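Colleague: Structure supplied as final36.pdb; contents: PDB, C-alpha atoms, pLDDT in the B column.
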```pdb
MODEL        1
ATOM      1  CA  MET A   1      13.742  28.717   4.601  1.00 55.00           C
ATOM      2  CA  SER A   2      13.775  26.873   7.914  1.00 55.00           C
ATOM      3  CA  VAL A   3      12.909  23.212   8.357  1.00 60.00           C
ATOM      4  CA  LEU A   4      10.871  22.507  11.474  1.00 61.00           C
ATOM      5  CA  PRO A   5      11.297  19.146  13.217  1.00 59.00           C
ATOM      6  CA  ASN A   6       8.497  16.605  13.197  1.00 64.00           C
ATOM      7  CA  PRO A   7       6.665  17.108  16.529  1.00 62.00           C
ATOM      8  CA  ALA A   8       6.306  13.334  16.905  1.00 61.00           C
ATOM      9  CA  LEU A   9      10.122  13.005  16.980  1.00 61.00           C
ATOM     10  CA  VAL A  10      10.817  15.778  19.518  1.00 60.00           C
ATOM     11  CA  PRO A  11      11.313  14.454  23.082  1.00 60.00           C
ATOM     12  CA  PRO A  12       8.856  15.711  25.738  1.00 62.00           C
ATOM     13  CA  GLY A  13       9.979  18.940  27.390  1.00 61.00           C
ATOM     14  CA  VAL A  14      12.090  20.030  24.389  1.00 59.00           C
ATOM     15  CA  SER A  15      10.851  22.932  22.360  1.00 59.00           C
ATOM     16  CA  GLY A  16      12.285  24.494  19.256  1.00 53.00           C
ATOM     17  CA  PRO A  17      14.753  23.033  16.818  1.00 54.00           C
ATOM     18  CA  VAL A  18      16.910  20.147  17.930  1.00 50.00           C
ATOM     19  CA  GLY A  19      20.659  20.290  17.248  1.00 52.00           C
ATOM     20  CA  PRO A  20      23.155  23.137  17.030  1.00 52.00           C
ATOM     21  CA  HIS A  21      21.843  26.635  16.492  1.00 50.00           C
ATOM     22  CA  PRO A  22      22.255  27.622  12.834  1.00 52.00           C
ATOM     23  CA  THR A  23      24.318  30.706  13.743  1.00 54.00           C
ATOM     24  CA  GLN A  24      26.655  28.781  16.101  1.00 49.00           C
ATOM     25  CA  PRO A  25      29.272  26.352  14.824  1.00 52.00           C
ATOM     26  CA  ALA A  26      29.024  22.767  15.995  1.00 51.00           C
ATOM     27  CA  ARG A  27      31.375  21.857  18.851  1.00 49.00           C
ATOM     28  CA  THR A  28      34.382  19.811  17.941  1.00 48.00           C
ATOM     29  CA  GLN A  29      36.066  17.374  20.269  1.00 48.00           C
ATOM     30  CA  GLN A  30      39.423  18.580  21.503  1.00 46.00           C
ATOM     31  CA  THR A  31      42.222  16.133  20.698  1.00 44.00           C
ATOM     32  CA  SER A  32      45.170  17.838  22.353  1.00 46.00           C
ATOM     33  CA  GLY A  33      46.342  17.110  25.889  1.00 43.00           C
ATOM     34  CA  PRO A  34      48.319  14.464  27.709  1.00 42.00           C
ATOM     35  CA  ALA A  35      48.155  10.884  26.540  1.00 47.00           C
ATOM     36  CA  PHE A  36      46.212   8.377  28.611  1.00 44.00           C
ATOM     37  CA  SER A  37      49.421   6.527  29.480  1.00 54.00           C
ATOM     38  CA  GLU A  38      50.899   9.738  30.917  1.00 50.00           C
ATOM     39  CA  LEU A  39      47.839  10.290  33.071  1.00 45.00           C
ATOM     40  CA  LEU A  40      47.962   6.687  34.214  1.00 52.00           C
ATOM     41  CA  ALA A  41      51.647   6.991  35.066  1.00 51.00           C
ATOM     42  CA  HIS A  42      51.203  10.117  37.176  1.00 49.00           C
ATOM     43  CA  ARG A  43      47.801   9.591  38.700  1.00 49.00           C
ATOM     44  CA  SER A  44      45.917   6.411  38.972  1.00 46.00           C
ATOM     45  CA  HIS A  45      43.214   5.362  41.429  1.00 49.00           C
ATOM     46  CA  GLY A  46      43.911   8.485  43.444  1.00 85.00           C
ATOM     47  CA  VAL A  47      47.575   7.549  43.936  1.00 94.00           C
ATOM     48  CA  GLN A  48      50.160   9.760  42.266  1.00 95.00           C
ATOM     49  CA  PHE A  49      53.761   8.895  41.464  1.00 96.00           C
ATOM     50  CA  SER A  50      56.449  11.512  41.993  1.00 96.00           C
ATOM     51  CA  ASN A  51      59.043  11.952  39.262  1.00 95.00           C
ATOM     52  CA  HIS A  52      61.570  10.306  41.579  1.00 95.00           C
ATOM     53  CA  ALA A  53      59.298   7.281  41.994  1.00 95.00           C
ATOM     54  CA  LEU A  54      58.782   7.017  38.229  1.00 95.00           C
ATOM     55  CA  GLN A  55      62.561   7.021  37.740  1.00 95.00           C
ATOM     56  CA  ARG A  56      62.996   4.301  40.373  1.00 94.00           C
ATOM     57  CA  LEU A  57      60.276   2.169  38.781  1.00 94.00           C
ATOM     58  CA  GLY A  58      62.056   2.368  35.440  1.00 93.00           C
ATOM     59  CA  ARG A  59      65.566   1.896  36.769  1.00 94.00           C
ATOM     60  CA  ARG A  60      64.643  -1.054  38.973  1.00 92.00           C
ATOM     61  CA  GLY A  61      62.375  -2.689  36.413  1.00 92.00           C
ATOM     62  CA  ILE A  62      59.335  -2.622  38.680  1.00 93.00           C
ATOM     63  CA  GLU A  63      56.156  -3.153  36.686  1.00 91.00           C
ATOM     64  CA  VAL A  64      52.950  -1.709  38.078  1.00 92.00           C
ATOM     65  CA  ASP A  65      49.812  -3.205  36.590  1.00 92.00           C
ATOM     66  CA  GLN A  66      46.178  -2.368  37.291  1.00 92.00           C
ATOM     67  CA  ALA A  67      45.884  -4.940  40.093  1.00 93.00           C
ATOM     68  CA  THR A  68      49.008  -3.561  41.809  1.00 94.00           C
ATOM     69  CA  LEU A  69      47.660  -0.016  41.528  1.00 94.00           C
ATOM     70  CA  GLN A  70      44.383  -1.092  43.125  1.00 94.00           C
ATOM     71  CA  ARG A  71      46.156  -2.843  46.006  1.00 96.00           C
ATOM     72  CA  LEU A  72      48.461   0.144  46.482  1.00 96.00           C
ATOM     73  CA  ASP A  73      45.495   2.512  46.580  1.00 96.00           C
ATOM     74  CA  ASP A  74      43.672   0.253  49.066  1.00 96.00           C
ATOM     75  CA  GLY A  75      46.787   0.163  51.263  1.00 97.00           C
ATOM     76  CA  VAL A  76      47.088   3.951  51.254  1.00 97.00           C
ATOM     77  CA  THR A  77      43.396   4.268  52.104  1.00 96.00           C
ATOM     78  CA  ARG A  78      43.798   1.876  55.052  1.00 97.00           C
ATOM     79  CA  ALA A  79      46.872   3.786  56.283  1.00 97.00           C
ATOM     80  CA  ALA A  80      44.956   7.075  56.035  1.00 96.00           C
ATOM     81  CA  GLY A  81      42.130   5.552  58.074  1.00 96.00           C
ATOM     82  CA  LYS A  82      44.617   4.890  60.885  1.00 96.00           C
ATOM     83  CA  GLY A  83      46.022   8.422  60.772  1.00 96.00           C
ATOM     84  CA  ALA A  84      49.333   7.539  59.091  1.00 97.00           C
ATOM     85  CA  ARG A  85      51.402  10.268  57.480  1.00 97.00           C
ATOM     86  CA  GLU A  86      54.247   8.378  55.758  1.00 98.00           C
ATOM     87  CA  THR A  87      53.867   4.662  55.117  1.00 97.00           C
ATOM     88  CA  VAL A  88      55.496   1.742  53.368  1.00 97.00           C
ATOM     89  CA  VAL A  89      53.007  -0.285  51.353  1.00 97.00           C
ATOM     90  CA  LEU A  90      54.229  -3.789  50.540  1.00 96.00           C
ATOM     91  CA  VAL A  91      52.691  -5.257  47.383  1.00 96.00           C
ATOM     92  CA  ASP A  92      54.051  -8.648  46.311  1.00 93.00           C
ATOM     93  CA  GLN A  93      57.765  -8.205  45.582  1.00 92.00           C
ATOM     94  CA  SER A  94      57.808  -4.387  45.838  1.00 95.00           C
ATOM     95  CA  ALA A  95      57.681  -1.742  48.543  1.00 96.00           C
ATOM     96  CA  PHE A  96      56.279   1.736  47.951  1.00 97.00           C
ATOM     97  CA  VAL A  97      57.048   4.627  50.303  1.00 97.00           C
ATOM     98  CA  VAL A  98      53.977   6.849  50.201  1.00 97.00           C
ATOM     99  CA  SER A  99      53.059  10.268  51.547  1.00 97.00           C
ATOM    100  CA  VAL A 100      49.570   9.419  52.760  1.00 97.00           C
ATOM    101  CA  ARG A 101      48.339  13.004  53.003  1.00 95.00           C
ATOM    102  CA  ASN A 102      49.244  13.700  49.341  1.00 95.00           C
ATOM    103  CA  ARG A 103      48.571  10.109  48.209  1.00 97.00           C
ATOM    104  CA  THR A 104      51.920  10.323  46.411  1.00 97.00           C
ATOM    105  CA  VAL A 105      54.382   7.479  45.973  1.00 97.00           C
ATOM    106  CA  ILE A 106      57.761   8.921  46.926  1.00 96.00           C
ATOM    107  CA  THR A 107      59.895   5.948  45.904  1.00 95.00           C
ATOM    108  CA  ALA A 108      59.636   2.298  44.965  1.00 95.00           C
ATOM    109  CA  ILE A 109      61.949  -0.538  45.952  1.00 95.00           C
ATOM    110  CA  ASP A 110      62.124  -4.041  44.505  1.00 93.00           C
ATOM    111  CA  ARG A 111      62.788  -7.185  46.506  1.00 90.00           C
ATOM    112  CA  GLU A 112      66.524  -7.157  45.825  1.00 89.00           C
ATOM    113  CA  GLN A 113      66.887  -3.557  47.037  1.00 87.00           C
ATOM    114  CA  MET A 114      64.758  -4.209  50.147  1.00 87.00           C
ATOM    115  CA  ARG A 115      67.383  -6.577  51.475  1.00 86.00           C
ATOM    116  CA  ASP A 116      69.889  -3.767  52.094  1.00 82.00           C
ATOM    117  CA  HIS A 117      67.424  -0.920  52.623  1.00 84.00           C
ATOM    118  CA  VAL A 118      66.418   0.776  55.871  1.00 89.00           C
ATOM    119  CA  PHE A 119      63.125   2.674  55.762  1.00 90.00           C
ATOM    120  CA  THR A 120      63.286   5.923  57.710  1.00 91.00           C
ATOM    121  CA  ASN A 121      60.795   8.702  58.385  1.00 93.00           C
ATOM    122  CA  ILE A 122      57.776   6.419  58.191  1.00 95.00           C
ATOM    123  CA  ASP A 123      55.121   5.879  60.835  1.00 96.00           C
ATOM    124  CA  SER A 124      53.400   2.789  59.453  1.00 96.00           C
ATOM    125  CA  ALA A 125      53.623  -0.212  57.171  1.00 96.00           C
ATOM    126  CA  VAL A 126      50.816  -1.865  55.218  1.00 97.00           C
ATOM    127  CA  ILE A 127      50.851  -5.298  53.612  1.00 96.00           C
ATOM    128  CA  ALA A 128      48.471  -4.982  50.691  1.00 92.00           C
TER
ENDMDL
END
```
Represent the structure from my file as structure tokens, please.

Modeller:
Amino acid sequence: MSVLPNPALVPPGVSGPVGPHPTQPARTQQTSGPAFSELLAHRSHGVQFSNHALQRLGRRGIEVDQATLQRLDDGVTRAAGKGARETVVLVDQSAFVVSVRNRTVITAIDREQMRDHVFTNIDSAVIA
């Protein structure tokens, strides 16, 4: 015995029974996969962090919050608009060396490390 839906409750343009087909199982939401924090760490706002950069962030105690990520992404976008290939994006007390073409942070340097650091193989700098 099949129960037919009330025609008054069926949206216009829909015909037949509403819901999963009786011979097909209902779809279940997949719960496996990377955690949100992992996705955020590796790719956020279109900017990726290399494993090397993630290590430097941790070792140097550089915290990257949502506002920093947005400014970093904006800086990379501006550098790309000028045709840059490798850039240093300065955000507050940190510097990020970024491959503009890949939108990948290669390394991160805190203020203390910047004092003794020479940036090489870059063609631009952005203050974000």

Colleague: Check the smallest atom-to-atom distance from each of A:Val118, A:Ala125, A:Ile106, A:Leu90 to Ala53 (chain A) using all atoms listed in the file, then report the winner.

Modeller: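 Using all atoms listed in the file, the shortest distance to Ala53 (chain A) belongs to A:Ile106.
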
Colleague: Report, in Å to a single decimal, how far apart CA of Asp110 (chain A) and CA of Thr77 (chain A) are.

Modeller: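 Rounded to one decimal, the two atoms are 21.9 Å apart.
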
Colleague: Tell me which residues the PyMOL selection byres ((chain A and resi 127) around 9) grabs here, as a VMD selection string.

Modeller: chain A and resid 75 88 to 92 125 to 126 128

Colleague: Work out how far apart CA of Asp116 (chain A) and CA of Arg60 (chain A) are and give it in Å to one decimal.

Modeller: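 About the pair CA of Asp116 (chain A) and CA of Arg60 (chain A): they are 14.4 Å apart.
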
Colleague: So that I can check the surroundings of region 99-104 of chain A, please list as a ChimeraX atom specification every protein, DNA and RNA residue that reaches within 6 Å of it, counting all atoms listed in the file and ignoring chain neighbours fewer than 2 positions away.

Modeller: /A:47-49,85-86

Colleague: Quote the spacing between CA of Asp123 (chain A) and CA of Thr107 (chain A) in Å to one decimal place.

Modeller: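 Answer for the CA of Asp123 (chain A) to CA of Thr107 (chain A) separation: 15.7 Å.
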
Colleague: Hey, which of A:Thr87, A:Asp73, A:Arg59, A:Ala79 ends up closest to Gln113 (chain A)? Count all atoms listed in the file.

Modeller: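 That would be A:Arg59, the residue with the smallest distance to Gln113 (chain A).
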
Colleague: Is it possible to get the axis-aligned box enclosing region 105-112 of chain A (all listed atoms, 5 Å extra per side) as lines of an AutoDock Vina configuration file, with centre and edge lengths in Å rounded to one decimal?

Modeller:
```
center_x = 60.5
center_y = 0.9
center_z = 45.7
size_x = 22.1
size_y = 26.1
size_z = 12.4
```
